[in-house]
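File shown here: input.pdb, holding PDB, C-alpha atoms, pLDDT in the B column.
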MODEL        1
ATOM      1  CA  MET A   1     138.630 105.338 101.483  1.00 45.00           C
ATOM      2  CA  SER A   2     140.539 108.347 100.249  1.00 45.00           C
ATOM      3  CA  HIS A   3     144.040 109.741  99.951  1.00 47.00           C
ATOM      4  CA  GLU A   4     144.087 110.375 103.736  1.00 77.00           C
ATOM      5  CA  PHE A   5     144.763 106.645 104.036  1.00 83.00           C
ATOM      6  CA  GLY A   6     148.549 106.204 104.365  1.00 90.00           C
ATOM      7  CA  PRO A   7     151.153 103.444 104.086  1.00 93.00           C
ATOM      8  CA  ASP A   8     150.947 102.555 107.790  1.00 96.00           C
ATOM      9  CA  ASP A   9     147.192 102.099 107.406  1.00 93.00           C
ATOM     10  CA  LEU A  10     147.817  99.810 104.442  1.00 94.00           C
ATOM     11  CA  ILE A  11     150.224  97.654 106.445  1.00 96.00           C
ATOM     12  CA  ALA A  12     147.662  97.484 109.273  1.00 96.00           C
ATOM     13  CA  CYS A  13     145.105  96.156 106.761  1.00 95.00           C
ATOM     14  CA  TYR A  14     147.379  93.319 105.660  1.00 96.00           C
ATOM     15  CA  ARG A  15     148.105  92.450 109.257  1.00 97.00           C
ATOM     16  CA  ARG A  16     144.388  91.959 109.904  1.00 96.00           C
ATOM     17  CA  GLY A  17     143.730  90.014 106.694  1.00 96.00           C
ATOM     18  CA  VAL A  18     142.204  92.583 104.317  1.00 94.00           C
ATOM     19  CA  PHE A  19     143.529  94.310 101.211  1.00 89.00           C
ATOM     20  CA  PRO A  20     142.581  97.317  99.046  1.00 83.00           C
ATOM     21  CA  MET A  21     140.986  97.427  95.607  1.00 77.00           C
ATOM     22  CA  SER A  22     139.790 100.304  93.484  1.00 72.00           C
ATOM     23  CA  ASP A  23     137.209 100.385  90.689  1.00 68.00           C
ATOM     24  CA  SER A  24     139.502 101.946  88.087  1.00 66.00           C
ATOM     25  CA  ARG A  25     142.953 103.355  87.445  1.00 69.00           C
ATOM     26  CA  GLU A  26     141.679 106.927  87.863  1.00 69.00           C
ATOM     27  CA  ASP A  27     139.505 106.327  90.934  1.00 71.00           C
ATOM     28  CA  GLU A  28     140.705 108.335  93.945  1.00 72.00           C
ATOM     29  CA  PHE A  29     138.864 106.059  96.340  1.00 73.00           C
ATOM     30  CA  PHE A  30     139.276 102.379  97.164  1.00 76.00           C
ATOM     31  CA  TYR A  31     137.649  99.796  99.390  1.00 74.00           C
ATOM     32  CA  LEU A  32     138.914  96.937 101.547  1.00 87.00           C
ATOM     33  CA  VAL A  33     138.298  93.310 100.609  1.00 88.00           C
ATOM     34  CA  GLU A  34     138.056  90.319 102.938  1.00 93.00           C
ATOM     35  CA  PRO A  35     137.214  87.204 100.892  1.00 92.00           C
ATOM     36  CA  LYS A  36     135.260  84.433 102.605  1.00 95.00           C
ATOM     37  CA  GLN A  37     137.564  81.975 100.828  1.00 96.00           C
ATOM     38  CA  ARG A  38     141.239  82.921 100.628  1.00 96.00           C
ATOM     39  CA  GLY A  39     143.761  81.809  98.025  1.00 96.00           C
ATOM     40  CA  ILE A  40     147.163  80.711  99.291  1.00 97.00           C
ATOM     41  CA  LEU A  41     150.021  78.835  97.690  1.00 97.00           C
ATOM     42  CA  PRO A  42     151.614  76.523 100.271  1.00 97.00           C
ATOM     43  CA  LEU A  43     155.342  76.962  99.833  1.00 96.00           C
ATOM     44  CA  ASP A  44     155.902  73.201 100.024  1.00 94.00           C
ATOM     45  CA  ASN A  45     153.210  72.497  97.425  1.00 91.00           C
ATOM     46  CA  LEU A  46     154.669  74.076  94.277  1.00 93.00           C
ATOM     47  CA  HIS A  47     153.722  72.119  91.149  1.00 94.00           C
ATOM     48  CA  ILE A  48     156.028  72.603  88.169  1.00 94.00           C
ATOM     49  CA  SER A  49     154.950  70.739  85.049  1.00 94.00           C
ATOM     50  CA  LYS A  50     157.467  68.857  82.901  1.00 96.00           C
ATOM     51  CA  SER A  51     156.992  71.382  80.116  1.00 95.00           C
ATOM     52  CA  MET A  52     157.635  74.260  82.535  1.00 95.00           C
ATOM     53  CA  ARG A  53     160.773  72.560  83.865  1.00 95.00           C
ATOM     54  CA  LYS A  54     162.010  72.197  80.293  1.00 97.00           C
ATOM     55  CA  PHE A  55     161.119  75.836  79.538  1.00 96.00           C
ATOM     56  CA  ARG A  56     163.024  77.002  82.599  1.00 96.00           C
ATOM     57  CA  ARG A  57     166.143  75.034  81.625  1.00 96.00           C
ATOM     58  CA  GLN A  58     166.120  76.296  78.049  1.00 97.00           C
ATOM     59  CA  THR A  59     164.831  79.862  78.296  1.00 96.00           C
ATOM     60  CA  SER A  60     167.043  82.889  77.814  1.00 97.00           C
ATOM     61  CA  LEU A  61     164.732  84.937  80.058  1.00 98.00           C
ATOM     62  CA  ARG A  62     166.356  86.119  83.282  1.00 98.00           C
ATOM     63  CA  VAL A  63     164.766  86.843  86.643  1.00 98.00           C
ATOM     64  CA  THR A  64     165.680  89.592  89.123  1.00 98.00           C
ATOM     65  CA  PHE A  65     164.331  90.869  92.436  1.00 98.00           C
ATOM     66  CA  ASN A  66     163.578  94.507  93.291  1.00 98.00           C
ATOM     67  CA  GLN A  67     165.333  95.833  90.191  1.00 98.00           C
ATOM     68  CA  ASP A  68     162.416  97.852  88.794  1.00 98.00           C
ATOM     69  CA  PHE A  69     159.458  97.929  91.164  1.00 97.00           C
ATOM     70  CA  PRO A  70     157.859 101.011  89.525  1.00 96.00           C
ATOM     71  CA  ALA A  71     157.850  99.346  86.090  1.00 96.00           C
ATOM     72  CA  VAL A  72     156.352  96.127  87.485  1.00 96.00           C
ATOM     73  CA  ILE A  73     153.469  97.784  89.319  1.00 94.00           C
ATOM     74  CA  GLN A  74     152.739 100.027  86.328  1.00 92.00           C
ATOM     75  CA  ALA A  75     152.718  97.012  84.015  1.00 92.00           C
ATOM     76  CA  CYS A  76     150.362  95.171  86.374  1.00 89.00           C
ATOM     77  CA  ALA A  77     148.070  98.200  86.456  1.00 87.00           C
ATOM     78  CA  THR A  78     147.943  98.671  82.680  1.00 86.00           C
ATOM     79  CA  ASN A  79     148.126  95.038  81.561  1.00 75.00           C
ATOM     80  CA  HIS A  80     144.350  94.641  81.257  1.00 65.00           C
ATOM     81  CA  ASP A  81     141.185  96.684  81.231  1.00 59.00           C
ATOM     82  CA  GLY A  82     139.359  97.400  84.467  1.00 53.00           C
ATOM     83  CA  THR A  83     142.384  97.379  86.719  1.00 66.00           C
ATOM     84  CA  TRP A  84     141.916  97.678  90.483  1.00 70.00           C
ATOM     85  CA  ILE A  85     145.336  99.354  90.866  1.00 79.00           C
ATOM     86  CA  SER A  86     144.533 103.057  90.978  1.00 75.00           C
ATOM     87  CA  HIS A  87     147.207 105.747  90.910  1.00 80.00           C
ATOM     88  CA  SER A  88     146.692 106.330  94.647  1.00 84.00           C
ATOM     89  CA  ILE A  89     147.108 102.628  95.445  1.00 85.00           C
ATOM     90  CA  GLU A  90     150.209 102.523  93.243  1.00 89.00           C
ATOM     91  CA  GLY A  91     151.630 105.445  95.215  1.00 90.00           C
ATOM     92  CA  LEU A  92     151.106 103.664  98.538  1.00 92.00           C
ATOM     93  CA  TYR A  93     152.836 100.494  97.340  1.00 93.00           C
ATOM     94  CA  THR A  94     155.724 102.562  96.003  1.00 96.00           C
ATOM     95  CA  ILE A  95     156.206 104.082  99.453  1.00 97.00           C
ATOM     96  CA  LEU A  96     156.149 100.586 100.964  1.00 97.00           C
ATOM     97  CA  HIS A  97     158.785  99.510  98.444  1.00 98.00           C
ATOM     98  CA  HIS A  98     161.057 102.359  99.541  1.00 97.00           C
ATOM     99  CA  ARG A  99     160.502 101.143 103.112  1.00 97.00           C
ATOM    100  CA  ARG A 100     161.420  97.563 102.069  1.00 97.00           C
ATOM    101  CA  GLN A 101     157.901  96.370 102.816  1.00 98.00           C
ATOM    102  CA  ALA A 102     156.903  95.760  99.175  1.00 98.00           C
ATOM    103  CA  HIS A 103     158.948  93.820  96.655  1.00 98.00           C
ATOM    104  CA  SER A 104     158.981  92.925  92.993  1.00 98.00           C
ATOM    105  CA  VAL A 105     160.133  90.063  90.812  1.00 98.00           C
ATOM    106  CA  GLU A 106     161.078  90.965  87.234  1.00 98.00           C
ATOM    107  CA  VAL A 107     161.417  88.765  84.152  1.00 98.00           C
ATOM    108  CA  TRP A 108     163.586  90.159  81.371  1.00 98.00           C
ATOM    109  CA  ASP A 109     164.207  89.377  77.726  1.00 97.00           C
ATOM    110  CA  ASP A 110     167.578  91.088  77.338  1.00 96.00           C
ATOM    111  CA  GLU A 111     166.756  94.573  78.666  1.00 97.00           C
ATOM    112  CA  THR A 112     162.990  94.379  78.046  1.00 98.00           C
ATOM    113  CA  LEU A 113     160.659  93.715  80.968  1.00 98.00           C
ATOM    114  CA  VAL A 114     158.331  90.908  79.854  1.00 97.00           C
ATOM    115  CA  GLY A 115     156.788  89.699  83.105  1.00 97.00           C
ATOM    116  CA  GLY A 116     156.753  90.038  86.841  1.00 97.00           C
ATOM    117  CA  LEU A 117     154.844  90.350  90.068  1.00 97.00           C
ATOM    118  CA  TYR A 118     154.848  92.351  93.282  1.00 97.00           C
ATOM    119  CA  GLY A 119     153.625  92.012  96.829  1.00 97.00           C
ATOM    120  CA  VAL A 120     153.908  93.139 100.430  1.00 97.00           C
ATOM    121  CA  THR A 121     155.812  91.470 103.269  1.00 98.00           C
ATOM    122  CA  GLN A 122     155.116  91.363 106.991  1.00 98.00           C
ATOM    123  CA  GLY A 123     156.708  88.858 109.349  1.00 98.00           C
ATOM    124  CA  SER A 124     157.127  85.655 107.337  1.00 98.00           C
ATOM    125  CA  ALA A 125     154.124  86.384 105.099  1.00 98.00           C
ATOM    126  CA  PHE A 126     154.255  87.510 101.477  1.00 98.00           C
ATOM    127  CA  PHE A 127     150.993  89.036 100.248  1.00 97.00           C
ATOM    128  CA  GLY A 128     150.975  88.621  96.473  1.00 96.00           C
ATOM    129  CA  GLU A 129     149.232  91.537  94.822  1.00 93.00           C
ATOM    130  CA  SER A 130     149.398  91.265  91.059  1.00 92.00           C
ATOM    131  CA  MET A 131     151.370  89.768  88.197  1.00 93.00           C
ATOM    132  CA  PHE A 132     151.675  90.330  84.462  1.00 94.00           C
ATOM    133  CA  SER A 133     153.092  88.517  81.466  1.00 94.00           C
ATOM    134  CA  ARG A 134     154.063  89.707  77.993  1.00 95.00           C
ATOM    135  CA  ARG A 135     155.738  86.436  77.018  1.00 95.00           C
ATOM    136  CA  THR A 136     154.553  82.853  77.344  1.00 94.00           C
ATOM    137  CA  ASN A 137     155.314  81.515  80.838  1.00 95.00           C
ATOM    138  CA  ALA A 138     156.885  84.776  82.062  1.00 96.00           C
ATOM    139  CA  SER A 139     154.562  85.195  85.062  1.00 94.00           C
ATOM    140  CA  LYS A 140     154.860  81.490  85.933  1.00 94.00           C
ATOM    141  CA  LEU A 141     158.626  81.846  85.891  1.00 97.00           C
ATOM    142  CA  ALA A 142     158.399  84.874  88.200  1.00 97.00           C
ATOM    143  CA  LEU A 143     156.195  82.950  90.635  1.00 96.00           C
ATOM    144  CA  ILE A 144     158.487  79.912  90.679  1.00 96.00           C
ATOM    145  CA  TYR A 145     161.490  82.093  91.443  1.00 97.00           C
ATOM    146  CA  LEU A 146     159.491  83.927  94.103  1.00 97.00           C
ATOM    147  CA  ILE A 147     158.545  80.702  95.887  1.00 97.00           C
ATOM    148  CA  GLU A 148     162.132  79.462  95.869  1.00 96.00           C
ATOM    149  CA  HIS A 149     163.275  82.853  97.167  1.00 97.00           C
ATOM    150  CA  LEU A 150     160.669  82.887  99.958  1.00 98.00           C
ATOM    151  CA  THR A 151     161.432  79.301 100.980  1.00 97.00           C
ATOM    152  CA  ALA A 152     165.167  79.972 101.185  1.00 97.00           C
ATOM    153  CA  ARG A 153     164.530  82.986 103.440  1.00 97.00           C
ATOM    154  CA  GLY A 154     162.193  81.347 105.922  1.00 97.00           C
ATOM    155  CA  PHE A 155     158.833  82.675 104.761  1.00 98.00           C
ATOM    156  CA  THR A 156     155.844  80.560 105.800  1.00 97.00           C
ATOM    157  CA  LEU A 157     152.817  82.075 104.014  1.00 98.00           C
ATOM    158  CA  LEU A 158     152.204  83.096 100.403  1.00 98.00           C
ATOM    159  CA  ASP A 159     148.824  84.810 100.146  1.00 97.00           C
ATOM    160  CA  THR A 160     147.409  84.880  96.601  1.00 96.00           C
ATOM    161  CA  GLN A 161     144.138  86.530  97.730  1.00 93.00           C
ATOM    162  CA  PHE A 162     141.997  84.694  95.176  1.00 92.00           C
ATOM    163  CA  LEU A 163     142.348  81.313  93.473  1.00 92.00           C
ATOM    164  CA  THR A 164     142.704  81.412  89.684  1.00 91.00           C
ATOM    165  CA  ASP A 165     143.226  78.510  87.273  1.00 91.00           C
ATOM    166  CA  HIS A 166     146.726  79.862  86.623  1.00 87.00           C
ATOM    167  CA  LEU A 167     147.600  79.747  90.337  1.00 92.00           C
ATOM    168  CA  LYS A 168     145.799  76.446  90.892  1.00 93.00           C
ATOM    169  CA  SER A 169     147.962  74.806  88.222  1.00 92.00           C
ATOM    170  CA  LEU A 170     151.017  75.761  90.291  1.00 93.00           C
ATOM    171  CA  GLY A 171     149.653  74.350  93.550  1.00 95.00           C
ATOM    172  CA  ALA A 172     147.536  77.144  95.020  1.00 96.00           C
ATOM    173  CA  ILE A 173     144.542  76.189  97.142  1.00 97.00           C
ATOM    174  CA  GLU A 174     141.569  77.915  98.738  1.00 97.00           C
ATOM    175  CA  ILE A 175     140.935  77.978 102.484  1.00 97.00           C
ATOM    176  CA  PRO A 176     138.277  79.666 104.664  1.00 97.00           C
ATOM    177  CA  GLN A 177     139.184  83.162 105.836  1.00 96.00           C
ATOM    178  CA  ALA A 178     139.161  82.000 109.475  1.00 96.00           C
ATOM    179  CA  GLU A 179     141.828  79.404 108.710  1.00 98.00           C
ATOM    180  CA  TYR A 180     143.791  81.994 106.741  1.00 97.00           C
ATOM    181  CA  LEU A 181     143.779  84.354 109.721  1.00 97.00           C
ATOM    182  CA  LYS A 182     145.269  81.626 111.925  1.00 98.00           C
ATOM    183  CA  LYS A 183     148.084  81.087 109.424  1.00 98.00           C
ATOM    184  CA  LEU A 184     148.555  84.832 109.126  1.00 98.00           C
ATOM    185  CA  ASN A 185     148.856  85.314 112.885  1.00 97.00           C
ATOM    186  CA  VAL A 186     151.539  82.608 113.058  1.00 97.00           C
ATOM    187  CA  ALA A 187     153.419  84.203 110.149  1.00 98.00           C
ATOM    188  CA  LEU A 188     153.302  87.639 111.757  1.00 98.00           C
ATOM    189  CA  GLU A 189     155.077  86.242 114.834  1.00 97.00           C
ATOM    190  CA  THR A 190     158.085  85.130 112.749  1.00 94.00           C
ATOM    191  CA  ASP A 191     160.527  87.486 111.072  1.00 92.00           C
ATOM    192  CA  ALA A 192     161.850  86.792 107.588  1.00 96.00           C
ATOM    193  CA  ARG A 193     163.800  89.126 105.309  1.00 94.00           C
ATOM    194  CA  PHE A 194     163.021  89.300 101.624  1.00 96.00           C
ATOM    195  CA  ASP A 195     166.383  90.852 100.703  1.00 87.00           C
TER     196      ASP A 195
ENDMDL
END
Go through the file and emit its structure as structure tokens.
Amino acid sequence: MSHEFGPDDLIACYRRGVFPMSDSREDEFFYLVEPKQRGILPLDNLHISKSMRKFRRQTSLRVTFNQDFPAVIQACATNHDGTWISHSIEGLYTILHHRRQAHSVEVWDDETLVGGLYGVTQGSAFFGESMFSRRTNASKLALIYLIEHLTARGFTLLDTQFLTDHLKSLGAIEIPQAEYLKKLNVALETDARFD
């Protein structure tokens, strides 16, 4: 797919259960992914370890929402080699953010951004896209705050796309794509506001 693909097309992809990936930061083209097994984090299944609870109580890190979306997506894109977040994909998500359809969570050490995540919303679904961490536990802290935020606002589905050990430790599970699509269709019938 090329730059003719616009933000409305991207939203349509999420609504039918697929998402974009590119082969590199500089790649002008991207492809759509539909995993056979889909990662989700049930909002009532969050696991917070004792050590993480203690870290949260004692940390001086602070968490915000939608305070610096451009910095979060850029950090996600440049945090590791072989990123799938191309400049064109970044541009599309930035447009969605201006339309209040993409959101970020930021973790700060004073005024320095040290972790965060971003994703897309439709109905009562939050499609998690990427996260980064430059301090121990920063991305976990962002995810915990995100889940509490989503729960308080009536969201019903947190899509993590894939299941990683990091996400699994927090309560994420893997379900067949067909089951995911059923959950997605229910979520799309319910409105929830991120902010």
Would you tabulate, counting only C-alpha atoms, all residues of range 23-126 of chain A that have an atom at most 8 Å from an atom of range 7-10 of chain A, showing the closest pair of atoms and their distance in Å to one decimal, sorted by chain then ascending number, as JSON lines?
{"residue": "A:Leu92", "atom": "CA", "partner": "A:Pro7", "partner_atom": "CA", "distance": 5.6}
{"residue": "A:Tyr93", "atom": "CA", "partner": "A:Pro7", "partner_atom": "CA", "distance": 7.6}
{"residue": "A:Ile95", "atom": "CA", "partner": "A:Pro7", "partner_atom": "CA", "distance": 6.9}
{"residue": "A:Leu96", "atom": "CA", "partner": "A:Pro7", "partner_atom": "CA", "distance": 6.5}
Name every residue that the PyMOL selection byres ((chain A and resi 186) around 12) selects in this structure, writing the answer as an MDAnalysis selection string with chains first and numbers rising.
chainID A and resid 15 122:125 155:157 179:185 187:191
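Contact shell of Asn45 in chain A at 9 Å (all atoms listed in the file; same-chain neighbours under 5 positions omitted): Leu170, Gly171 and Ala172 of chain A.
Minimum atom-to-atom distances from A:Tyr14, A:Phe162, A:Trp84, A:Phe69 to Phe29 in chain A were compared using all atoms listed in the file, and the lowest value belongs to A:Trp84.
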Give as a ChimeraX atom specification the residues that the PyMOL selection byres ((chain A and resi 141-145) around 8) matches when applied to the coordinates above.
/A:46,56,63,105-107,115-117,137-140,146-149
